[in-house]
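Next comes work28.cif, a file with mmCIF, C-alpha atoms.
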data_start
loop_
_atom_site.label_atom_id
_atom_site.label_comp_id
_atom_site.auth_asym_id
_atom_site.auth_seq_id
_atom_site.Cartn_x
_atom_site.Cartn_y
_atom_site.Cartn_z
CA MET A 1 -10.52 67.24 -65.78
CA ASP A 2 -11.04 67.37 -62.04
CA ARG A 3 -13.98 65.03 -62.35
CA ILE A 4 -11.92 62.61 -64.41
CA ARG A 5 -9.05 62.71 -61.90
CA LYS A 6 -11.40 62.10 -58.97
CA ALA A 7 -12.98 59.14 -60.78
CA LEU A 8 -9.56 57.62 -61.43
CA ASP A 9 -8.57 58.11 -57.78
CA ARG A 10 -11.76 56.36 -56.61
CA ALA A 11 -11.15 53.48 -58.98
CA ARG A 12 -7.59 53.05 -57.73
CA LEU A 13 -8.78 53.21 -54.13
CA GLU A 14 -11.49 50.58 -54.71
CA ARG A 15 -8.97 48.23 -56.34
CA ALA A 16 -6.49 48.67 -53.47
CA GLN A 17 -9.03 47.86 -50.66
CA PRO A 18 -9.69 44.16 -51.69
CA ALA A 19 -5.96 43.52 -52.02
CA MET A 20 -5.29 44.92 -48.58
CA ALA A 21 -8.15 42.90 -47.11
CA SER A 22 -6.72 39.67 -48.54
CA ALA A 23 -3.26 40.49 -47.26
CA ILE A 24 -4.45 40.89 -43.63
CA PRO A 25 -5.19 37.41 -42.09
CA LYS A 26 -8.51 37.01 -40.43
CA ALA A 27 -8.59 36.18 -36.71
CA GLN A 28 -9.20 32.43 -36.34
CA ALA A 29 -11.66 31.16 -33.77
CA VAL A 30 -10.09 28.91 -31.07
CA PRO A 31 -11.61 25.46 -31.43
CA LYS A 32 -13.35 24.06 -28.40
CA ALA A 33 -11.33 21.36 -26.64
CA PRO A 34 -12.99 17.95 -27.00
CA SER A 35 -14.51 16.56 -23.83
CA VAL A 36 -13.25 13.31 -22.37
CA ARG A 37 -16.30 11.55 -23.69
CA GLU A 38 -15.52 12.85 -27.19
CA ALA A 39 -11.82 12.03 -27.16
CA PRO A 40 -11.33 8.85 -29.20
CA SER A 41 -8.46 7.60 -27.03
CA VAL A 42 -10.46 7.61 -23.81
CA ARG A 43 -13.94 6.77 -24.96
CA GLU A 44 -15.91 4.91 -22.34
CA ALA A 45 -16.26 1.22 -22.94
CA PRO A 46 -19.83 0.08 -23.14
CA SER A 47 -21.02 -0.61 -19.59
CA VAL A 48 -21.70 -4.25 -18.64
CA ARG A 49 -24.43 -4.69 -16.13
CA GLU A 50 -23.34 -6.82 -13.21
CA PRO A 51 -25.62 -9.61 -12.08
CA PRO A 52 -27.27 -8.87 -8.69
CA ALA A 53 -25.18 -11.43 -6.85
CA VAL A 54 -21.95 -9.86 -8.10
CA ARG A 55 -23.04 -6.33 -7.18
CA GLU A 56 -24.04 -7.42 -3.69
CA ALA A 57 -20.78 -9.24 -3.15
CA ALA A 58 -18.80 -6.23 -4.32
CA SER A 59 -20.62 -3.85 -1.98
CA ALA A 60 -20.65 -6.11 1.06
CA PRO A 61 -17.67 -6.00 3.43
CA GLU A 62 -15.32 -8.91 3.06
CA ALA A 63 -15.85 -11.49 5.77
CA PRO A 64 -12.82 -13.06 7.45
CA ALA A 65 -11.99 -16.55 6.21
CA ALA A 66 -13.29 -19.21 8.56
CA MET A 67 -10.93 -21.86 9.83
CA PRO A 68 -11.99 -25.38 8.70
CA GLU A 69 -13.15 -27.67 11.45
CA ILE A 70 -11.16 -30.79 12.23
CA GLY A 71 -12.52 -33.65 10.23
CA TYR A 72 -14.53 -31.34 7.94
CA ILE A 73 -15.56 -32.83 4.62
CA PRO A 74 -17.17 -30.70 1.87
CA GLN A 75 -20.90 -31.18 1.26
CA SER A 76 -20.19 -32.33 -2.30
CA VAL A 77 -18.15 -35.22 -0.92
CA ILE A 78 -20.80 -36.04 1.67
CA ALA A 79 -23.45 -36.14 -1.06
CA SER A 80 -21.35 -38.53 -3.12
CA LEU A 81 -20.97 -40.86 -0.14
CA THR A 82 -24.73 -41.27 0.27
CA SER A 83 -25.13 -43.13 -3.03
CA ILE A 84 -22.23 -45.54 -3.52
CA THR A 85 -22.40 -47.98 -6.41
CA TYR A 86 -20.15 -51.00 -5.96
CA THR A 87 -18.72 -52.28 -9.23
CA ARG A 88 -15.83 -54.60 -8.33
CA THR A 89 -16.72 -55.21 -4.67
CA ARG A 90 -18.79 -58.35 -4.21
CA CYS A 91 -22.16 -57.81 -2.57
CA PHE A 92 -24.05 -60.24 -0.33
CA THR A 93 -27.25 -60.05 1.70
CA PRO A 94 -26.91 -61.06 5.38
CA LEU A 95 -29.91 -63.01 6.69
CA PRO A 96 -31.76 -61.18 9.49
CA ALA A 97 -31.93 -64.37 11.55
CA VAL A 98 -28.14 -64.75 11.37
CA LEU A 99 -27.57 -61.12 12.38
CA GLU A 100 -29.96 -61.41 15.31
CA ALA A 101 -28.43 -64.66 16.52
CA ASN A 102 -24.95 -63.11 16.46
CA ARG A 103 -26.04 -59.83 18.13
CA VAL A 104 -25.28 -57.68 15.09
CA MET A 105 -27.08 -54.39 15.65
CA ASN A 106 -29.22 -52.32 13.32
CA PRO A 107 -27.64 -48.84 13.59
CA ALA A 108 -31.02 -47.11 13.16
CA SER A 109 -32.69 -49.16 15.89
CA SER A 110 -33.93 -47.63 19.14
CA ASP A 111 -32.63 -50.67 20.98
CA PRO A 112 -30.41 -49.73 23.98
CA GLY A 113 -27.57 -51.74 22.51
CA ALA A 114 -27.68 -49.78 19.24
CA ALA A 115 -27.86 -46.51 21.20
CA ALA A 116 -24.77 -47.55 23.15
CA TYR A 117 -22.85 -48.18 19.95
CA ARG A 118 -23.90 -44.79 18.59
CA MET A 119 -22.51 -43.18 21.73
CA LEU A 120 -19.30 -45.20 21.35
CA ARG A 121 -19.08 -44.19 17.68
CA THR A 122 -19.34 -40.49 18.51
CA GLN A 123 -16.63 -40.69 21.17
CA VAL A 124 -14.30 -42.68 18.91
CA LEU A 125 -14.83 -40.31 15.97
CA GLN A 126 -14.15 -37.24 18.08
CA ARG A 127 -10.84 -38.61 19.31
CA MET A 128 -9.77 -39.90 15.92
CA GLU A 129 -10.66 -36.67 14.12
CA ALA A 130 -8.89 -34.57 16.75
CA ASN A 131 -5.68 -36.45 15.92
CA ASP A 132 -6.29 -36.95 12.19
CA TRP A 133 -6.34 -40.74 12.62
CA CYS A 134 -8.04 -43.11 10.18
CA SER A 135 -7.00 -46.61 11.35
CA LEU A 136 -8.28 -48.33 14.49
CA ALA A 137 -7.39 -51.72 15.97
CA ILE A 138 -9.80 -53.63 18.23
CA PHE A 139 -7.96 -55.34 21.11
CA SER A 140 -9.03 -57.58 23.97
CA PRO A 141 -7.00 -59.21 26.76
CA GLY A 142 -8.38 -62.71 26.15
CA ALA A 143 -10.78 -64.77 24.08
CA ARG A 144 -14.57 -64.51 24.30
CA ASP A 145 -14.58 -60.91 25.46
CA GLY A 146 -16.86 -59.91 22.57
CA LYS A 147 -14.08 -58.31 20.56
CA THR A 148 -15.25 -59.38 17.08
CA THR A 149 -18.90 -58.55 17.78
CA THR A 150 -17.82 -55.12 19.02
CA ALA A 151 -15.66 -54.60 15.94
CA ILE A 152 -18.60 -55.41 13.63
CA ASN A 153 -21.15 -53.25 15.45
CA LEU A 154 -18.77 -50.32 15.82
CA ALA A 155 -17.86 -50.49 12.11
CA ILE A 156 -21.56 -50.53 11.17
CA SER A 157 -22.22 -47.54 13.42
CA LEU A 158 -19.21 -45.64 12.05
CA ALA A 159 -20.42 -46.26 8.50
CA SER A 160 -23.82 -44.78 9.36
CA ASP A 161 -22.05 -41.42 9.74
CA ARG A 162 -22.29 -40.14 6.16
CA ARG A 163 -18.97 -38.31 6.37
CA HIS A 164 -17.09 -41.60 6.22
CA THR A 165 -16.81 -44.97 4.58
CA VAL A 166 -15.57 -47.88 6.66
CA LEU A 167 -13.46 -50.92 5.82
CA LEU A 168 -13.63 -53.72 8.42
CA VAL A 169 -10.62 -56.05 8.22
CA ASP A 170 -10.41 -59.48 9.86
CA PHE A 171 -6.77 -59.97 10.82
CA ASP A 172 -7.54 -62.46 13.58
CA PHE A 173 -5.78 -65.34 11.86
CA LYS A 174 -5.88 -67.40 15.04
CA ARG A 175 -9.69 -67.56 15.02
CA PRO A 176 -11.26 -65.69 12.09
CA ARG A 177 -14.98 -65.28 12.78
CA MET A 178 -16.09 -62.01 11.22
CA ALA A 179 -17.43 -63.54 7.98
CA ALA A 180 -19.35 -66.27 9.84
CA LEU A 181 -21.04 -63.76 12.15
CA LEU A 182 -22.38 -61.98 9.06
CA GLY A 183 -23.37 -65.15 7.22
CA LEU A 184 -20.65 -64.82 4.58
CA SER A 185 -18.60 -67.64 3.06
CA PRO A 186 -15.82 -65.75 1.25
CA GLU A 187 -14.04 -67.16 -1.76
CA LEU A 188 -11.03 -64.93 -1.14
CA GLY A 189 -9.82 -63.00 1.88
CA GLY A 190 -7.05 -61.07 3.55
CA ASP A 191 -4.97 -64.21 4.01
CA ASP A 192 -4.88 -64.60 0.21
CA VAL A 193 -3.75 -60.98 -0.18
CA LEU A 194 -0.94 -61.38 2.36
CA ALA A 195 0.14 -64.62 0.72
CA GLY A 196 0.42 -62.83 -2.64
CA ASP A 197 -2.31 -64.99 -4.19
CA ALA A 198 -4.93 -62.25 -4.74
CA ARG A 199 -5.32 -58.51 -5.12
CA VAL A 200 -7.13 -56.69 -2.35
CA GLU A 201 -9.84 -55.30 -4.67
CA ASN A 202 -10.83 -58.88 -5.51
CA CYS A 203 -11.30 -59.78 -1.83
CA LEU A 204 -13.70 -57.04 -0.72
CA TYR A 205 -17.36 -57.66 0.18
CA HIS A 206 -20.25 -55.30 0.82
CA PRO A 207 -23.15 -56.42 3.06
CA GLU A 208 -26.39 -55.17 1.54
CA GLY A 209 -28.33 -52.95 3.90
CA PHE A 210 -25.23 -51.49 5.55
CA ASP A 211 -24.34 -48.42 3.52
CA ARG A 212 -20.70 -47.32 3.17
CA LEU A 213 -19.41 -50.52 4.85
CA THR A 214 -16.94 -52.89 3.15
CA LEU A 215 -15.35 -56.06 4.53
CA LEU A 216 -11.97 -57.69 4.01
CA PRO A 217 -12.59 -61.09 5.66
CA ALA A 218 -10.18 -63.90 6.51
CA ARG A 219 -10.82 -67.41 5.20
CA ARG A 220 -8.48 -69.56 7.26
CA THR A 221 -6.09 -69.63 10.20
CA LEU A 222 -2.36 -69.08 9.72
CA ILE A 223 0.28 -70.88 11.74
CA ASN A 224 2.85 -68.10 11.32
CA SER A 225 0.30 -65.31 11.67
CA SER A 226 2.44 -62.92 13.75
CA GLU A 227 5.27 -63.06 11.20
CA VAL A 228 2.75 -62.43 8.40
CA LEU A 229 1.17 -59.47 10.23
CA ALA A 230 4.56 -57.88 10.89
CA GLY A 231 5.91 -58.62 7.41
CA PRO A 232 6.43 -56.30 4.44
CA ARG A 233 3.24 -57.35 2.62
CA SER A 234 1.17 -56.47 5.67
CA ARG A 235 2.87 -53.08 6.00
CA GLU A 236 2.30 -52.32 2.34
CA LEU A 237 -1.35 -53.41 2.51
CA VAL A 238 -2.08 -51.28 5.59
CA ARG A 239 -0.38 -48.28 4.02
CA ASP A 240 -2.47 -48.70 0.86
CA LEU A 241 -5.74 -49.13 2.78
CA ARG A 242 -5.09 -46.00 4.82
CA ARG A 243 -4.13 -43.77 1.89
CA ARG A 244 -6.42 -44.89 -0.90
CA TYR A 245 -9.53 -43.01 0.30
CA PRO A 246 -9.11 -39.96 2.58
CA GLU A 247 -12.61 -40.28 4.08
CA ARG A 248 -12.21 -43.99 4.89
CA ILE A 249 -11.83 -45.39 8.42
CA VAL A 250 -10.14 -48.80 8.59
CA VAL A 251 -11.05 -51.04 11.54
CA PHE A 252 -8.88 -54.11 12.25
CA ASP A 253 -10.06 -57.08 14.28
CA LEU A 254 -6.99 -58.73 15.87
CA PRO A 255 -6.32 -61.80 18.04
CA PRO A 256 -6.44 -61.37 21.84
CA VAL A 257 -3.39 -59.60 23.24
CA LEU A 258 -2.50 -62.25 25.83
CA ASN A 259 -3.13 -65.32 23.66
CA ALA A 260 -0.50 -64.63 20.98
CA ASP A 261 1.95 -61.97 19.87
CA ASP A 262 -0.07 -61.11 16.74
CA ALA A 263 -1.69 -57.99 18.19
CA LEU A 264 1.62 -56.67 19.50
CA ALA A 265 3.36 -57.38 16.20
CA PHE A 266 0.67 -55.51 14.27
CA ALA A 267 0.02 -52.64 16.70
CA PRO A 268 2.79 -50.34 15.33
CA LEU A 269 1.01 -50.30 11.95
CA VAL A 270 -2.18 -48.67 13.25
CA GLU A 271 -2.71 -45.18 14.64
CA CYS A 272 -4.92 -46.02 17.62
CA GLY A 273 -6.74 -48.83 19.39
CA LEU A 274 -9.84 -49.70 21.40
CA VAL A 275 -9.76 -52.28 24.21
CA VAL A 276 -12.77 -54.57 24.76
CA VAL A 277 -13.35 -56.30 28.09
CA ALA A 278 -16.21 -58.48 29.31
CA GLU A 279 -17.88 -57.94 32.65
CA GLY A 280 -17.52 -61.09 34.66
CA GLY A 281 -15.19 -62.57 32.05
CA THR A 282 -12.04 -60.45 31.93
CA ARG A 283 -9.81 -60.67 34.99
CA ARG A 284 -8.38 -57.47 36.38
CA ASN A 285 -4.81 -58.78 36.17
CA ASP A 286 -5.29 -59.71 32.52
CA LEU A 287 -6.58 -56.23 31.71
CA THR A 288 -3.66 -54.62 33.54
CA ARG A 289 -1.17 -56.79 31.71
CA ALA A 290 -2.77 -56.10 28.30
CA MET A 291 -2.71 -52.35 28.93
CA GLU A 292 0.96 -52.53 29.85
CA LEU A 293 1.79 -54.38 26.64
CA LEU A 294 -0.14 -51.80 24.58
CA HIS A 295 1.43 -48.76 26.26
CA LYS A 296 2.98 -47.57 22.96
CA THR A 297 -0.35 -47.62 21.12
CA PRO A 298 -2.67 -44.59 21.60
CA LEU A 299 -6.00 -45.88 22.96
CA VAL A 300 -9.27 -44.08 22.29
CA GLY A 301 -11.05 -45.91 25.10
CA THR A 302 -12.17 -49.14 26.74
CA VAL A 303 -15.49 -50.92 26.11
CA LEU A 304 -17.17 -52.90 28.88
CA ASN A 305 -19.11 -55.72 27.21
CA ARG A 306 -22.08 -57.56 28.70
CA ALA A 307 -22.59 -54.92 31.39
CA ALA A 308 -25.31 -55.83 33.87
CA ASP A 309 -27.21 -52.59 33.28
CA ALA A 310 -27.05 -52.74 29.47
CA SER A 311 -30.73 -53.67 29.24
CA THR A 312 -31.77 -50.48 31.06
CA GLY A 313 -30.25 -48.25 28.40
CA HIS A 314 -28.25 -46.28 31.00
#
Is it possible to express this structure as structure tokens?
Amino acid sequence: MDRIRKALDRARLERAQPAMASAIPKAQAVPKAPSVREAPSVREAPSVREPPAVREAASAPEAPAAMPEIGYIPQSVIASLTSITYTRTRCFTPLPAVLEANRVMNPASSDPGAAAYRMLRTQVLQRMEANDWCSLAIFSPGARDGKTTTAINLAISLASDRRHTVLLVDFDFKRPRMAALLGLSPELGGDDVLAGDARVENCLYHPEGFDRLTLLPARRTLINSSEVLAGPRSRELVRDLRRRYPERIVVFDLPPVLNADDALAFAPLVECGLVVVAEGGTRRNDLTRAMELLHKTPLVGTVLNRAADASTGH
């Protein structure tokens, strides 16, 4: 009986142990916290390799912004000015014999006269750029001082500076000579524009061989030229010529200051002027009087034409 009782007790004990084991919860292992790399919300984006230029720029210290120079024109603009194709502007080829007879200079020549005009060009450009001017009138006290020849040669020299284009305008309606000195017989000119008979783009001419230079010639004299030059059409035309192309310099050839009131009537429309005098031809009193009449116009200088030492190159 004792053996039977002990066997029953062992059986009951064995049945009770699994039940108790299932009733007691097992200790759970603490899961390892996911690393930042493993966390879905902050996974690293795939790295993009920077090009060398970008990496160098990012690591280099930032340089201070440079102030633009007065008269600075971007290289892209300069490049575009070196290869101008004229579509509506009429082109003509001046004859070398005509240019030589009228003392029209080759800007690339080593001739002392061409060198003198290059020096004049540099001085004029420096003063105009310092004041942000783009329009220049050529004055002279009297006739035959070489004003128109100076206007042509200076415009050619200015156009040889690749930062600019140049428009040379003949507004000497008392004695228009610019076209003749270049061997041009224009069909239309500035007088037609001011009369309302033509548009300015139909009156422009380009002399082949002189890059970046355009002409607005005059065909005939005008009796009421001072009234025309001071009138509303003239003001509108000058305003349009000055604003149409930012890199353009406009050079106006005007009648002599003391021979008519044209130059004085037109002077307020330009930003600056240049006075041309002839050695042995211009009287001192005439020059003094002309300078007094032009006292309201900023002058970039005075040119002495036909100087005795011009042939020496000094």
Taking (-16.8, -43.8, 4.8) in the file's own coordinates, collect the residues within 6 Å, counting all atoms listed in the file, and hand them back as a CSV table (one decimal) with C-alpha atoms, keeping the file's coordinate frame.
chain,number,residue,atom,x,y,z
A,159,ALA,CA,-20.4,-46.3,8.5
A,164,HIS,CA,-17.1,-41.6,6.2
A,165,THR,CA,-16.8,-45.0,4.6
A,166,VAL,CA,-15.6,-47.9,6.7
A,212,ARG,CA,-20.7,-47.3,3.2
A,247,GLU,CA,-12.6,-40.3,4.1
A,248,ARG,CA,-12.2,-44.0,4.9
Selection dump of the PyMOL selection byres ((chain A and resi 207) around 6), as a PyMOL selection string = chain A and resi 91-93+206+208+210
List, as a PDB file with C-alpha atoms, keeping the file's coordinate frame, every residue that the PyMOL selection byres ((chain A and resi 134-150) around 6) selects in the file provided.
ATOM      1  CA  TRP A 133      -6.340 -40.740  12.620  1.00  0.00           C
ATOM      2  CA  ALA A 151     -15.660 -54.600  15.940  1.00  0.00           C
ATOM      3  CA  ILE A 152     -18.600 -55.410  13.630  1.00  0.00           C
ATOM      4  CA  ASN A 153     -21.150 -53.250  15.450  1.00  0.00           C
ATOM      5  CA  LEU A 154     -18.770 -50.320  15.820  1.00  0.00           C
ATOM      6  CA  ILE A 249     -11.830 -45.390   8.420  1.00  0.00           C
ATOM      7  CA  VAL A 250     -10.140 -48.800   8.590  1.00  0.00           C
ATOM      8  CA  VAL A 251     -11.050 -51.040  11.540  1.00  0.00           C
ATOM      9  CA  PHE A 252      -8.880 -54.110  12.250  1.00  0.00           C
ATOM     10  CA  ASP A 253     -10.060 -57.080  14.280  1.00  0.00           C
ATOM     11  CA  PRO A 256      -6.440 -61.370  21.840  1.00  0.00           C
ATOM     12  CA  VAL A 257      -3.390 -59.600  23.240  1.00  0.00           C
ATOM     13  CA  LEU A 258      -2.500 -62.250  25.830  1.00  0.00           C
ATOM     14  CA  VAL A 270      -2.180 -48.670  13.250  1.00  0.00           C
ATOM     15  CA  GLU A 271      -2.710 -45.180  14.640  1.00  0.00           C
ATOM     16  CA  CYS A 272      -4.920 -46.020  17.620  1.00  0.00           C
ATOM     17  CA  GLY A 273      -6.740 -48.830  19.390  1.00  0.00           C
ATOM     18  CA  LEU A 274      -9.840 -49.700  21.400  1.00  0.00           C
ATOM     19  CA  VAL A 275      -9.760 -52.280  24.210  1.00  0.00           C
ATOM     20  CA  VAL A 276     -12.770 -54.570  24.760  1.00  0.00           C
ATOM     21  CA  VAL A 277     -13.350 -56.300  28.090  1.00  0.00           C
ATOM     22  CA  ALA A 278     -16.210 -58.480  29.310  1.00  0.00           C
ATOM     23  CA  LEU A 287      -6.580 -56.230  31.710  1.00  0.00           C
ATOM     24  CA  ALA A 290      -2.770 -56.100  28.300  1.00  0.00           C
TER      25      ALA A 290
END
So how many Å separate atom CA of Ser110 of chain A and atom CA of Glu129 of chain A, to one decimal?
->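 Rounded to one decimal, the two atoms are 26.2 Å apart.
Between atom CA of Phe266 of chain A and atom CA of Arg90 of chain A the separation is 27.0 Å.
The spacing separating atom CA of Ile156 of chain A from atom CA of Glu292 of chain A amounts to 29.3 Å.
With distances restricted to only C-alpha atoms, A:Leu204 is the closest residue to Arg88 of chain A from A:Leu204, A:Ala230, A:Ala260, A:Val193.
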For Thr214 of chain A, the nearest of the candidates A:Ile84, A:Ala116, A:Leu181, A:Ala108, counting all atoms listed in the file =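 Smallest distance to Thr214 of chain A is found for A:Ile84.
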Using all atoms listed in the file: which of A:Ser185, A:Pro255, A:Ser157, A:Gly231 has the shortest distance to Leu213 of chain A |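 When distances to Leu213 of chain A are compared using all atoms listed in the file, the smallest one comes from A:Ser157.
Compared by their closest atoms to Val303 of chain A, and using all atoms listed in the file, the residues A:Tyr117, A:Phe173, A:Tyr86, A:Tyr245 rank with A:Tyr117 nearest.
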